[in-house]
file query_29.cif (mmCIF, C-alpha atoms)
data_query
#
loop_
_atom_site.label_atom_id
_atom_site.label_comp_id
_atom_site.auth_asym_id
_atom_site.auth_seq_id
_atom_site.Cartn_x
_atom_site.Cartn_y
_atom_site.Cartn_z
CA MET A 1 14.52 -8.71 -18.10
CA ASP A 2 17.94 -10.39 -17.87
CA LEU A 3 18.86 -12.53 -14.89
CA ASP A 4 21.42 -10.09 -13.49
CA SER A 5 18.78 -7.34 -13.34
CA ILE A 6 16.34 -9.66 -11.58
CA LYS A 7 19.01 -10.53 -9.02
CA GLU A 8 19.69 -6.87 -8.39
CA ILE A 9 15.98 -6.25 -7.76
CA LEU A 10 15.97 -9.06 -5.20
CA ARG A 11 19.14 -7.75 -3.54
CA THR A 12 17.81 -4.20 -3.34
CA PHE A 13 14.55 -5.39 -1.83
CA ALA A 14 16.45 -7.33 0.85
CA GLU A 15 18.80 -4.49 1.73
CA VAL A 16 16.38 -1.54 1.50
CA GLU A 17 12.81 -2.72 2.10
CA ALA A 18 13.07 -5.92 4.16
CA ARG A 19 16.08 -5.14 6.35
CA GLY A 20 15.04 -4.41 9.90
CA VAL A 21 11.40 -5.11 8.98
CA SER A 22 11.19 -8.76 7.93
CA PRO A 23 14.08 -11.07 8.88
CA LEU A 24 12.50 -13.89 6.88
CA TYR A 25 12.10 -11.96 3.64
CA GLU A 26 15.47 -10.26 3.97
CA HIS A 27 17.15 -13.67 4.26
CA LEU A 28 15.18 -15.30 1.45
CA ALA A 29 15.64 -12.39 -0.96
CA LEU A 30 19.38 -12.20 -0.31
CA GLN A 31 19.74 -15.92 -0.97
CA ALA A 32 17.52 -15.77 -4.05
CA ALA A 33 19.68 -12.95 -5.41
CA GLU A 34 22.56 -15.45 -5.57
CA ASP A 35 20.55 -18.34 -7.04
CA ASP A 36 19.98 -18.54 -10.80
CA ASP A 37 17.15 -21.06 -10.58
CA VAL A 38 15.05 -19.27 -7.97
CA ALA A 39 15.69 -15.78 -9.31
CA GLY A 40 14.92 -17.07 -12.80
CA LEU A 41 11.34 -17.85 -11.79
CA LEU A 42 10.66 -14.11 -11.90
CA ALA A 43 11.45 -14.09 -15.61
CA SER A 44 7.86 -15.32 -16.05
CA ALA A 45 6.44 -12.05 -14.70
CA ARG A 46 4.62 -9.64 -16.97
CA ASP A 47 6.36 -6.48 -18.13
CA GLY A 48 6.97 -4.16 -15.21
CA GLU A 49 6.01 -6.81 -12.63
CA VAL A 50 9.42 -8.24 -11.85
CA ARG A 51 9.36 -7.66 -8.10
CA ALA A 52 10.78 -9.48 -5.10
CA THR A 53 7.38 -9.13 -3.41
CA LEU A 54 5.80 -11.13 -6.25
CA LEU A 55 8.22 -14.00 -5.68
CA MET A 56 7.63 -13.90 -1.93
CA ALA A 57 3.84 -13.77 -2.37
CA THR A 58 3.98 -16.71 -4.76
CA ALA A 59 5.94 -18.81 -2.27
CA HIS A 60 3.58 -17.73 0.53
CA ARG A 61 0.55 -18.80 -1.51
CA LEU A 62 2.07 -22.20 -2.27
CA VAL A 63 2.90 -22.77 1.40
CA GLN A 64 -0.69 -21.81 2.26
CA ALA A 65 -1.78 -24.63 -0.03
CA ASP A 66 0.60 -27.11 1.64
CA PRO A 67 0.62 -26.03 5.31
CA ILE A 68 2.07 -29.29 6.64
CA HIS A 69 5.28 -28.89 4.66
CA PRO A 70 8.31 -28.35 6.95
CA LEU A 71 8.84 -24.92 5.41
CA SER A 72 5.67 -23.72 7.15
CA ARG A 73 7.45 -23.70 10.49
CA TYR A 74 9.23 -20.52 9.33
CA TYR A 75 5.92 -18.87 8.39
CA PRO A 76 4.24 -17.26 11.43
CA SER A 77 1.24 -16.54 9.20
CA LEU A 78 0.66 -20.31 9.20
CA GLY A 79 1.44 -20.86 12.86
CA GLY A 80 5.20 -21.32 12.49
CA PHE A 81 7.47 -20.28 15.35
CA ASP A 82 10.99 -20.93 14.03
CA GLY A 83 13.30 -18.06 13.24
CA VAL A 84 15.66 -17.99 10.29
CA ASP A 85 18.34 -20.71 10.58
CA SER A 86 20.61 -22.80 8.38
CA GLU A 87 17.68 -24.88 7.09
CA THR A 88 15.44 -22.01 6.01
CA TRP A 89 16.92 -21.35 2.60
CA PRO A 90 17.48 -25.01 1.56
CA LEU A 91 13.88 -25.83 2.45
CA PHE A 92 12.57 -22.73 0.65
CA ARG A 93 14.63 -23.43 -2.45
CA SER A 94 13.66 -27.08 -2.79
CA PHE A 95 10.00 -26.34 -1.99
CA LEU A 96 9.77 -23.66 -4.66
CA LEU A 97 11.70 -25.47 -7.37
CA GLU A 98 9.69 -28.67 -6.83
CA ARG A 99 6.65 -26.52 -7.64
CA ALA A 100 8.32 -24.46 -10.34
CA ASP A 101 5.45 -24.84 -12.82
CA LYS A 102 2.89 -23.70 -10.25
CA ALA A 103 5.17 -20.83 -9.25
CA ARG A 104 5.60 -19.67 -12.83
CA SER A 105 1.84 -19.87 -13.37
CA LEU A 106 1.21 -17.56 -10.41
CA ILE A 107 4.05 -15.20 -11.30
CA SER A 108 2.84 -14.87 -14.89
CA SER A 109 -0.80 -14.27 -13.99
CA ARG A 110 -0.77 -12.28 -10.75
CA TYR A 111 0.10 -8.79 -9.63
CA THR A 112 1.53 -7.89 -6.25
CA GLN A 113 -1.58 -6.55 -4.53
CA THR A 114 -1.10 -5.46 -0.97
CA ASN A 115 -4.03 -3.80 0.74
CA GLU A 116 -2.35 -2.63 3.94
CA VAL A 117 -5.22 -1.61 6.20
CA ARG A 118 -2.98 0.27 8.63
CA ARG A 119 -2.20 2.83 5.92
CA ALA A 120 -5.67 4.21 6.58
CA ALA A 121 -4.20 5.73 9.75
CA LEU A 122 -1.70 7.60 7.57
CA LEU A 123 -4.29 8.73 5.05
CA TYR A 124 -6.94 9.84 7.53
CA PRO A 125 -5.25 13.16 8.49
CA GLY A 126 -4.72 13.99 4.82
CA VAL A 127 -8.28 13.19 3.80
CA ALA A 128 -9.52 15.11 6.86
CA ARG A 129 -7.56 18.17 5.75
CA ALA A 130 -8.99 17.93 2.23
CA ALA A 131 -12.51 17.52 3.64
CA LYS A 132 -12.07 20.59 5.84
CA GLU A 133 -10.97 22.65 2.85
CA ALA A 134 -13.86 21.24 0.84
CA GLY A 135 -16.28 22.44 3.51
CA GLY A 136 -18.79 19.64 3.07
CA LYS A 137 -19.31 16.08 2.00
CA ILE A 138 -16.63 14.55 -0.21
CA SER A 139 -16.46 11.66 -2.62
CA LEU A 140 -13.46 9.33 -2.48
CA LEU A 141 -11.72 7.80 -5.49
CA GLU A 142 -8.80 5.51 -4.71
CA VAL A 143 -6.49 4.82 -7.65
CA GLY A 144 -4.76 1.46 -7.32
CA CYS A 145 -7.34 0.30 -4.79
CA SER A 146 -6.65 -3.46 -4.83
CA ALA A 147 -9.51 -4.77 -2.65
CA GLY A 148 -10.63 -1.26 -1.72
CA LEU A 149 -10.20 -1.67 2.03
CA LEU A 150 -8.82 1.86 2.42
CA LEU A 151 -12.06 3.23 0.99
CA GLY A 152 -13.62 2.41 4.35
CA LEU A 153 -11.26 4.72 6.25
CA ASP A 154 -14.14 6.83 7.58
CA ARG A 155 -15.53 3.72 9.32
CA PHE A 156 -12.32 2.85 11.17
CA GLY A 157 -11.26 4.01 14.62
CA TYR A 158 -7.84 5.61 15.13
CA ARG A 159 -5.54 6.00 18.09
CA TYR A 160 -2.37 8.01 17.56
CA GLN A 161 0.24 7.61 20.28
CA CYS A 162 2.25 10.83 20.57
CA ASP A 163 5.53 11.64 22.25
CA GLY A 164 5.09 12.13 25.99
CA GLY A 165 2.15 9.76 26.24
CA GLU A 166 -0.55 11.97 24.69
CA GLN A 167 -3.09 10.22 22.50
CA LEU A 168 -5.15 11.55 19.61
CA THR A 169 -8.31 9.67 18.70
CA ALA A 170 -10.50 9.90 15.64
CA GLY A 171 -13.18 7.96 13.84
CA PRO A 172 -16.25 6.25 15.28
CA ALA A 173 -15.99 5.02 18.86
CA LYS A 174 -17.52 1.62 18.08
CA THR A 175 -15.96 -0.13 15.12
CA PRO A 176 -14.49 -3.60 14.53
CA VAL A 177 -11.41 -2.04 12.91
CA GLY A 178 -9.24 -0.12 15.35
CA LEU A 179 -5.88 1.18 14.16
CA HIS A 180 -2.92 2.30 16.24
CA CYS A 181 -0.17 4.53 14.88
CA ALA A 182 2.80 6.19 16.57
CA LEU A 183 2.86 9.94 15.87
CA ASP A 184 6.13 11.85 16.25
CA LEU A 185 6.50 15.59 15.79
CA ALA A 186 9.36 16.99 13.73
CA PRO A 187 11.00 20.14 15.19
CA GLY A 188 8.55 23.03 14.88
CA ALA A 189 5.58 20.80 14.07
CA VAL A 190 2.24 20.95 15.87
CA ALA A 191 0.05 17.86 16.21
CA PRO A 192 -2.83 17.83 13.74
CA LYS A 193 -6.42 18.37 14.83
CA LEU A 194 -8.41 15.39 13.68
CA PRO A 195 -12.19 15.24 13.28
CA LYS A 196 -14.20 12.49 14.91
CA LYS A 197 -15.94 11.75 11.64
CA LEU A 198 -15.75 12.33 7.91
CA SER A 199 -18.82 12.88 5.74
CA VAL A 200 -18.43 10.75 2.61
CA LEU A 201 -21.02 11.17 -0.13
CA ASP A 202 -19.80 8.38 -2.40
CA ARG A 203 -16.73 6.25 -2.98
CA ALA A 204 -15.17 4.10 -5.70
CA GLY A 205 -11.93 2.29 -6.40
CA LEU A 206 -10.07 2.23 -9.73
CA ASP A 207 -7.71 -0.68 -10.35
CA ARG A 208 -6.47 -2.71 -13.31
CA ALA A 209 -7.48 -5.90 -11.43
CA PRO A 210 -9.73 -5.17 -8.42
CA VAL A 211 -9.79 -7.91 -5.80
CA ASP A 212 -13.17 -9.44 -4.96
CA LEU A 213 -12.91 -10.44 -1.32
CA SER A 214 -16.03 -12.60 -1.56
CA ASP A 215 -13.88 -14.95 -3.66
CA GLU A 216 -11.87 -17.14 -1.26
CA ASP A 217 -9.03 -17.60 -3.75
CA GLU A 218 -8.74 -13.85 -4.24
CA LEU A 219 -8.70 -13.27 -0.49
CA ALA A 220 -6.04 -15.96 -0.11
CA TRP A 221 -3.87 -14.21 -2.70
CA LEU A 222 -4.28 -10.89 -0.92
CA GLU A 223 -3.22 -12.59 2.33
CA ALA A 224 -0.25 -14.16 0.53
CA CYS A 225 0.90 -10.68 -0.50
CA VAL A 226 1.24 -9.77 3.19
CA TRP A 227 4.71 -10.54 4.50
CA ALA A 228 4.57 -13.96 6.14
CA ASP A 229 6.36 -13.02 9.37
CA GLN A 230 3.84 -10.25 10.11
CA PRO A 231 0.70 -12.24 11.03
CA ASP A 232 -0.91 -9.28 12.82
CA ARG A 233 -1.28 -7.62 9.42
CA ILE A 234 -3.15 -10.65 8.11
CA ARG A 235 -5.49 -10.69 11.10
CA LEU A 236 -6.28 -7.02 10.53
CA LEU A 237 -6.82 -7.69 6.82
CA ARG A 238 -9.41 -10.35 7.65
CA THR A 239 -11.19 -8.07 10.13
CA ALA A 240 -11.36 -5.25 7.59
CA ALA A 241 -12.53 -7.65 4.88
CA ALA A 242 -15.39 -8.82 7.10
CA GLU A 243 -16.37 -5.21 7.77
CA GLN A 244 -16.20 -4.35 4.08
CA ALA A 245 -18.64 -7.16 3.30
CA LYS A 246 -21.30 -5.01 5.00
CA HIS A 247 -20.43 -1.91 2.94
CA ARG A 248 -19.13 -3.05 -0.41
CA PRO A 249 -17.55 -0.19 -2.39
CA ARG A 250 -17.94 0.21 -6.12
CA PHE A 251 -15.01 -0.97 -8.21
CA ILE A 252 -14.00 0.27 -11.64
CA THR A 253 -11.68 -1.95 -13.66
CA GLY A 254 -9.32 0.18 -15.67
CA ASP A 255 -6.04 1.98 -16.08
CA GLY A 256 -5.05 4.52 -13.44
CA VAL A 257 -4.31 7.16 -16.08
CA ASP A 258 -6.42 6.40 -19.14
CA ASP A 259 -9.59 5.65 -17.18
CA LEU A 260 -9.13 8.28 -14.47
CA PRO A 261 -11.42 10.90 -16.10
CA SER A 262 -14.34 8.50 -16.54
CA ALA A 263 -13.90 7.12 -13.02
CA ALA A 264 -13.89 10.64 -11.60
CA ALA A 265 -16.99 11.53 -13.63
CA SER A 266 -18.89 8.68 -11.95
CA LEU A 267 -18.59 10.44 -8.58
CA GLU A 268 -20.48 13.59 -7.70
CA GLY A 269 -19.45 16.54 -5.57
CA ARG A 270 -16.08 17.53 -4.19
CA LEU A 271 -13.62 14.84 -5.16
CA VAL A 272 -10.70 13.54 -3.11
CA VAL A 273 -8.41 11.26 -5.12
CA VAL A 274 -6.30 8.96 -2.95
CA THR A 275 -3.16 7.02 -3.82
CA SER A 276 -1.18 4.91 -1.36
CA HIS A 277 1.96 3.17 -2.59
CA ALA A 278 0.33 2.78 -5.99
CA LEU A 279 2.33 5.20 -8.14
CA ALA A 280 5.56 3.26 -7.64
CA TYR A 281 4.00 0.72 -9.99
CA PHE A 282 3.66 3.37 -12.70
CA ALA A 283 6.52 4.16 -15.06
CA ALA A 284 7.84 7.70 -14.54
CA PRO A 285 6.17 9.11 -17.68
CA ARG A 286 2.83 7.64 -16.59
CA ARG A 287 3.16 9.25 -13.17
CA ALA A 288 3.59 12.61 -14.88
CA GLU A 289 0.53 11.89 -17.02
CA PHE A 290 -1.44 10.95 -13.90
CA VAL A 291 -0.68 14.29 -12.24
CA ALA A 292 -1.44 16.16 -15.48
CA SER A 293 -4.80 14.39 -15.65
CA LEU A 294 -5.58 15.43 -12.07
CA ALA A 295 -4.75 19.03 -12.94
CA GLU A 296 -7.08 18.87 -15.95
CA LEU A 297 -9.90 17.45 -13.84
CA ALA A 298 -9.33 20.14 -11.20
CA ALA A 299 -9.96 22.80 -13.81
CA SER A 300 -13.63 21.87 -13.93
CA ARG A 301 -14.46 20.74 -10.38
CA PRO A 302 -13.14 20.98 -6.79
CA LEU A 303 -10.51 18.26 -6.47
CA TRP A 304 -7.85 17.25 -3.94
CA TRP A 305 -5.15 14.62 -4.24
CA VAL A 306 -4.08 12.88 -1.02
CA SER A 307 -0.79 11.17 -1.78
CA GLU A 308 0.88 8.65 0.53
CA GLU A 309 3.77 7.64 -1.68
CA PHE A 310 7.53 7.71 -1.78
CA TYR A 311 8.49 11.28 -2.64
CA GLY A 312 9.96 10.43 -6.05
CA ALA A 313 6.79 8.60 -7.08
CA GLY A 314 4.34 11.13 -5.66
CA LEU A 315 4.85 14.70 -4.53
CA GLU A 316 8.06 15.42 -6.42
CA THR A 317 6.10 16.27 -9.56
CA VAL A 318 4.20 19.09 -7.81
CA LEU A 319 6.59 19.88 -4.96
CA PRO A 320 10.11 19.63 -6.42
CA GLY A 321 13.37 20.24 -4.65
CA ARG A 322 12.48 18.69 -1.29
CA SER A 323 15.59 16.64 -0.55
CA ASP A 324 14.42 16.39 3.07
CA LEU A 325 11.66 14.04 1.90
CA VAL A 326 14.06 11.49 0.39
CA GLY A 327 15.60 8.47 2.06
CA ASP A 328 15.18 6.54 5.30
CA GLY A 329 12.80 4.11 3.59
CA LEU A 330 9.94 6.47 4.45
CA ALA A 331 7.14 7.75 2.25
CA THR A 332 5.49 11.17 2.40
CA LEU A 333 1.88 12.08 3.09
CA GLY A 334 0.82 15.13 1.12
CA VAL A 335 -2.27 17.02 0.02
CA VAL A 336 -2.50 18.78 -3.33
CA ARG A 337 -5.15 21.06 -4.79
CA TRP A 338 -5.13 23.22 -7.89
CA GLU A 339 -5.97 26.91 -8.10
CA ASP A 340 -6.17 28.50 -11.55
CA GLY A 341 -4.22 25.59 -12.98
CA LYS A 342 -1.41 25.85 -10.42
CA ALA A 343 -0.73 23.06 -7.94
CA GLU A 344 -0.74 23.99 -4.27
CA ALA A 345 1.02 21.11 -2.52
CA HIS A 346 1.77 20.50 1.14
CA ALA A 347 3.91 17.75 2.65
CA LEU A 348 2.21 16.79 5.92
CA ALA A 349 4.18 13.84 7.30
CA ARG A 350 6.83 11.21 6.73
CA THR A 351 5.25 7.78 6.90
CA ALA A 352 6.39 4.21 7.57
CA PRO A 353 5.47 1.81 4.75
CA HIS A 354 3.02 -0.36 6.70
CA GLY A 355 1.25 2.37 8.64
CA GLN A 356 2.92 1.78 11.97
CA ARG A 357 4.43 5.26 12.40
CA MET A 358 4.34 8.79 11.04
CA THR A 359 6.32 11.96 11.74
CA TRP A 360 4.28 15.14 11.41
CA LEU A 361 6.05 17.98 9.62
CA PRO A 362 5.90 21.74 10.27
CA LEU A 363 3.64 23.54 7.79
#
call {"tool": "encode", "arguments": {"input": "query_29.cif", "output": "structure tokens"}}
result
Amino acid sequence: MDLDSIKEILRTFAEVEARGVSPLYEHLALQAAEDDDVAGLLASARDGEVRATLLMATAHRLVQADPIHPLSRYYPSLGGFDGVDSETWPLFRSFLLERADKARSLISSRYTQTNEVRRAALLYPGVARAAKEAGGKISLLEVGCSAGLLLGLDRFGYRYQCDGGEQLTAGPAKTPVGLHCALDLAPGAVAPKLPKKLSVLDRAGLDRAPVDLSDEDELAWLEACVWADQPDRIRLLRTAAAEQAKHRPRFITGDGVDDLPSAAASLEGRLVVVTSHALAYFAAPRRAEFVASLAELAASRPLWWVSEEFYGAGLETVLPGRSDLVGDGLATLGVVRWEDGKAEAHALARTAPHGQRMTWLPL
């Protein structure tokens, strides 16, 4: 990819994804978008992996390895308290370029792998709806699972704070992982009824490079992929990782399209396939192939797809023409099943990217 295209990716990330969410990453990405040397580091990325988040994760990982460097004072994840100022970018630039070889090595060998635990609070109502329709135990298959933390969603506790002070709770009462999510109601919407528990028969994660959290270096990379000025996300990641160590899921290394049928065949019973901000990493033709593969699998067994993706990467294929689901930096939670080869899709909610908020839609 040429340098101008890389710069545009960095600029778009700063203005669309980081703005209003991460002051640190917005600032760094905007500056990097004007800097040939820093932006050029991303030229080492594998095809399709040129992402601002990969550059930020690489820098985060290198600061983790050198926590006494002055740059760390801008990284709350490492105990820093300083906000963005006139020294932030010069320190970041010199730090990264002094370690350019190490940075290129990470960029050329790693994927951006965020396992945002709070997204379980977004997925839970969708999986619960699929389980209710299934009428019994379900098996979970997460495509693009990273470390598979979302596969433990039935073991987490949930507290949804609604307008007017009402709270909805779900999941087991005693659990180390408790998730909080604001729940707004769109005009005409009624709050969902959530079960206290889900009955999961089996579970597995399919990923091109599953993350083994028993490997300290792999865990450190996963932490580095969390935005550095959001340390609460890292603390939650560590808590969920410790809980997962007691209930390790099964991982399948493979392609999300080519290996989907064999991964699905390894799970018995009614199957719920879950994707959460994974399909954006697929090229558009591969996303269409993914949905076609789901439809083919659904012809021979009960199958539901719970999609928590940006509309264009997820539901648009099976629920076209929904301009109301585009924009605002929000994704869409949806549930899809197939009857006689025809997709029956429902958009349930608009969702914030890191699981902090959802707006329930009228059905």
call {"tool": "resolve_selection", "arguments": {"input": "query_29.cif", "expression": "the PyMOL selection byres ((chain A and resi 64-73) around 8)", "output": "ChimeraX atom specification"}}
result
/A:60-63,74-76,78-82,88,91-92,95,224
call {"tool": "residues_around", "arguments": {"input": "query_29.cif", "residues": "Gly136 (chain A)", "least_positions_apart": "2", "cutoff": "9 Å", "atoms": "only C-alpha atoms", "output": "ChimeraX atom specification"}}
result
/A:131-134,138,199-200,270
call {"tool": "atom_distance", "arguments": {"input": "query_29.cif", "atom1": "CA of Leu206 (chain A)", "atom2": "CA of Gln113 (chain A)"}}
result
13.3 Å
call {"tool": "resolve_selection", "arguments": {"input": "query_29.cif", "expression": "the PyMOL selection byres ((chain A and resi 182) around 10)", "output": "MDAnalysis selection string"}}
result
chainID A and resid 121 159:163 167 180:181 183:184 352 355:359
call {"tool": "closest_residue", "arguments": {"input": "query_29.cif", "among": "A:Leu54, A:Leu141, A:Ala130, A:Leu363", "to": "Thr114 (chain A)", "atoms": "all atoms listed in the file"}}
result
A:Leu54
call {"tool": "closest_residue", "arguments": {"input": "query_29.cif", "among": "A:Trp338, A:Phe13, A:Trp227, A:Trp360", "to": "Val190 (chain A)", "atoms": "all atoms listed in the file"}}
result
A:Trp360
call {"tool": "resolve_selection", "arguments": {"input": "query_29.cif", "expression": "the PyMOL selection byres ((chain A and resi 258) around 12)", "output": "PDB file with C-alpha atoms, keeping the file's coordinate frame"}}
result
ATOM      1  CA  VAL A 143      -6.490   4.820  -7.650  1.00  0.00           C
ATOM      2  CA  LEU A 206     -10.070   2.230  -9.730  1.00  0.00           C
ATOM      3  CA  ASP A 207      -7.710  -0.680 -10.350  1.00  0.00           C
ATOM      4  CA  ARG A 208      -6.470  -2.710 -13.310  1.00  0.00           C
ATOM      5  CA  THR A 253     -11.680  -1.950 -13.660  1.00  0.00           C
ATOM      6  CA  GLY A 254      -9.320   0.180 -15.670  1.00  0.00           C
ATOM      7  CA  ASP A 255      -6.040   1.980 -16.080  1.00  0.00           C
ATOM      8  CA  GLY A 256      -5.050   4.520 -13.440  1.00  0.00           C
ATOM      9  CA  VAL A 257      -4.310   7.160 -16.080  1.00  0.00           C
ATOM     10  CA  ASP A 259      -9.590   5.650 -17.180  1.00  0.00           C
ATOM     11  CA  LEU A 260      -9.130   8.280 -14.470  1.00  0.00           C
ATOM     12  CA  PRO A 261     -11.420  10.900 -16.100  1.00  0.00           C
ATOM     13  CA  SER A 262     -14.340   8.500 -16.540  1.00  0.00           C
ATOM     14  CA  ALA A 263     -13.900   7.120 -13.020  1.00  0.00           C
ATOM     15  CA  ALA A 264     -13.890  10.640 -11.600  1.00  0.00           C
ATOM     16  CA  ARG A 286       2.830   7.640 -16.590  1.00  0.00           C
ATOM     17  CA  ARG A 287       3.160   9.250 -13.170  1.00  0.00           C
ATOM     18  CA  GLU A 289       0.530  11.890 -17.020  1.00  0.00           C
ATOM     19  CA  PHE A 290      -1.440  10.950 -13.900  1.00  0.00           C
ATOM     20  CA  VAL A 291      -0.680  14.290 -12.240  1.00  0.00           C
ATOM     21  CA  ALA A 292      -1.440  16.160 -15.480  1.00  0.00           C
ATOM     22  CA  SER A 293      -4.800  14.390 -15.650  1.00  0.00           C
ATOM     23  CA  LEU A 294      -5.580  15.430 -12.070  1.00  0.00           C
TER      24      LEU A 294
END
call {"tool": "closest_residue", "arguments": {"input": "query_29.cif", "among": "A:Leu222, A:Gly20, A:Ser139, A:Gly178", "to": "Thr58 (chain A)", "atoms": "all atoms listed in the file"}}
result
A:Leu222
call {"tool": "closest_residue", "arguments": {"input": "query_29.cif", "among": "A:Ala278, A:Val226, A:Val211, A:Val127", "to": "Ala147 (chain A)", "atoms": "all atoms listed in the file"}}
result
A:Val211
call {"tool": "residues_around", "arguments": {"input": "query_29.cif", "residues": "Glu34 (chain A)", "least_positions_apart": "6", "cutoff": "10 Å", "atoms": "all atoms listed in the file", "output": "ChimeraX atom specification"}}
result
/A:4,7-8,10-11
call {"tool": "closest_atom_pairs", "arguments": {"input": "query_29.cif", "of": "region 110-192 of chain A", "to": "region 306-323 of chain A", "cutoff": "10 Å", "atoms": "only C-alpha atoms", "output": "tab-separated table"}}
result
residue	atom	partner	partner_atom	distance
A:Arg119	CA	A:Glu308	CA	8.5
A:Ala120	CA	A:Glu308	CA	10.0
A:Leu122	CA	A:Glu308	CA	7.6
A:Leu123	CA	A:Glu308	CA	6.9
A:Tyr124	CA	A:Val306	CA	9.5
A:Pro125	CA	A:Val306	CA	9.6
A:Gly126	CA	A:Val306	CA	6.0
A:Val127	CA	A:Val306	CA	6.4
A:Ala128	CA	A:Val306	CA	9.8
A:Arg129	CA	A:Val306	CA	9.3
A:Ala130	CA	A:Val306	CA	7.8
A:Glu142	CA	A:Val306	CA	9.5
call {"tool": "write_last_selection", "arguments": {"input": "query_29.cif", "atoms": "C-alpha atoms", "output": "short mmCIF file (atom, residue, chain, number, x, y, z; two decimals), keeping the file's coordinate frame"}}
result
data_model
loop_
_atom_site.label_atom_id
_atom_site.label_comp_id
_atom_site.auth_asym_id
_atom_site.auth_seq_id
_atom_site.Cartn_x
_atom_site.Cartn_y
_atom_site.Cartn_z
CA ARG A 119 -2.20 2.83 5.92
CA ALA A 120 -5.67 4.21 6.58
CA LEU A 122 -1.70 7.60 7.57
CA LEU A 123 -4.29 8.73 5.05
CA TYR A 124 -6.94 9.84 7.53
CA PRO A 125 -5.25 13.16 8.49
CA GLY A 126 -4.72 13.99 4.82
CA VAL A 127 -8.28 13.19 3.80
CA ALA A 128 -9.52 15.11 6.86
CA ARG A 129 -7.56 18.17 5.75
CA ALA A 130 -8.99 17.93 2.23
CA GLU A 142 -8.80 5.51 -4.71
#
call {"tool": "closest_residue", "arguments": {"input": "query_29.cif", "among": "A:Ala173, A:Leu28, A:Thr275, A:Trp305", "to": "Glu87 (chain A)", "atoms": "all atoms listed in the file"}}
result
A:Leu28
call {"tool": "atom_distance", "arguments": {"input": "query_29.cif", "atom1": "CA of Ser266 (chain A)", "atom2": "CA of Leu303 (chain A)"}}
result
13.9 Å
call {"tool": "axis_aligned_box", "arguments": {"input": "query_29.cif", "around": "region 98-104 of chain A", "padding_each_side": "4 Å", "output": "AutoDock Vina command-line options"}}
result
--center_x 6.3 --center_y -24.2 --center_z -9.8 --size_x 14.8 --size_y 17.0 --size_z 14.0
call {"tool": "residues_around", "arguments": {"input": "query_29.cif", "residues": "region 35-47 of chain A", "least_positions_apart": "2", "cutoff": "12 Å", "atoms": "all atoms listed in the file", "output": "tab-separated table (two decimals) with C-alpha atoms, in the frame of the given file"}}
result
chain	number	residue	atom	x	y	z
A	1	MET	CA	14.52	-8.71	-18.10
A	2	ASP	CA	17.94	-10.39	-17.87
A	3	LEU	CA	18.86	-12.53	-14.89
A	4	ASP	CA	21.42	-10.09	-13.49
A	5	SER	CA	18.78	-7.34	-13.34
A	6	ILE	CA	16.34	-9.66	-11.58
A	7	LYS	CA	19.01	-10.53	-9.02
A	8	GLU	CA	19.69	-6.87	-8.39
A	9	ILE	CA	15.98	-6.25	-7.76
A	10	LEU	CA	15.97	-9.06	-5.20
A	11	ARG	CA	19.14	-7.75	-3.54
A	28	LEU	CA	15.18	-15.30	1.45
A	29	ALA	CA	15.64	-12.39	-0.96
A	30	LEU	CA	19.38	-12.20	-0.31
A	31	GLN	CA	19.74	-15.92	-0.97
A	32	ALA	CA	17.52	-15.77	-4.05
A	33	ALA	CA	19.68	-12.95	-5.41
A	49	GLU	CA	6.01	-6.81	-12.63
A	50	VAL	CA	9.42	-8.24	-11.85
A	51	ARG	CA	9.36	-7.66	-8.10
A	52	ALA	CA	10.78	-9.48	-5.10
A	53	THR	CA	7.38	-9.13	-3.41
A	54	LEU	CA	5.80	-11.13	-6.25
A	55	LEU	CA	8.22	-14.00	-5.68
A	56	MET	CA	7.63	-13.90	-1.93
A	57	ALA	CA	3.84	-13.77	-2.37
A	58	THR	CA	3.98	-16.71	-4.76
A	59	ALA	CA	5.94	-18.81	-2.27
A	89	TRP	CA	16.92	-21.35	2.60
A	90	PRO	CA	17.48	-25.01	1.56
A	92	PHE	CA	12.57	-22.73	0.65
A	93	ARG	CA	14.63	-23.43	-2.45
A	94	SER	CA	13.66	-27.08	-2.79
A	95	PHE	CA	10.00	-26.34	-1.99
A	96	LEU	CA	9.77	-23.66	-4.66
A	97	LEU	CA	11.70	-25.47	-7.37
A	98	GLU	CA	9.69	-28.67	-6.83
A	99	ARG	CA	6.65	-26.52	-7.64
A	100	ALA	CA	8.32	-24.46	-10.34
A	101	ASP	CA	5.45	-24.84	-12.82
A	102	LYS	CA	2.89	-23.70	-10.25
A	103	ALA	CA	5.17	-20.83	-9.25
A	104	ARG	CA	5.60	-19.67	-12.83
A	105	SER	CA	1.84	-19.87	-13.37
A	106	LEU	CA	1.21	-17.56	-10.41
A	107	ILE	CA	4.05	-15.20	-11.30
A	108	SER	CA	2.84	-14.87	-14.89
A	109	SER	CA	-0.80	-14.27	-13.99
A	110	ARG	CA	-0.77	-12.28	-10.75
A	111	TYR	CA	0.10	-8.79	-9.63
A	112	THR	CA	1.53	-7.89	-6.25
A	281	TYR	CA	4.00	0.72	-9.99
A	282	PHE	CA	3.66	3.37	-12.70
A	283	ALA	CA	6.52	4.16	-15.06
call {"tool": "atom_distance", "arguments": {"input": "query_29.cif", "atom1": "CA of Arg19 (chain A)", "atom2": "CA of Val117 (chain A)"}}
result
21.6 Å
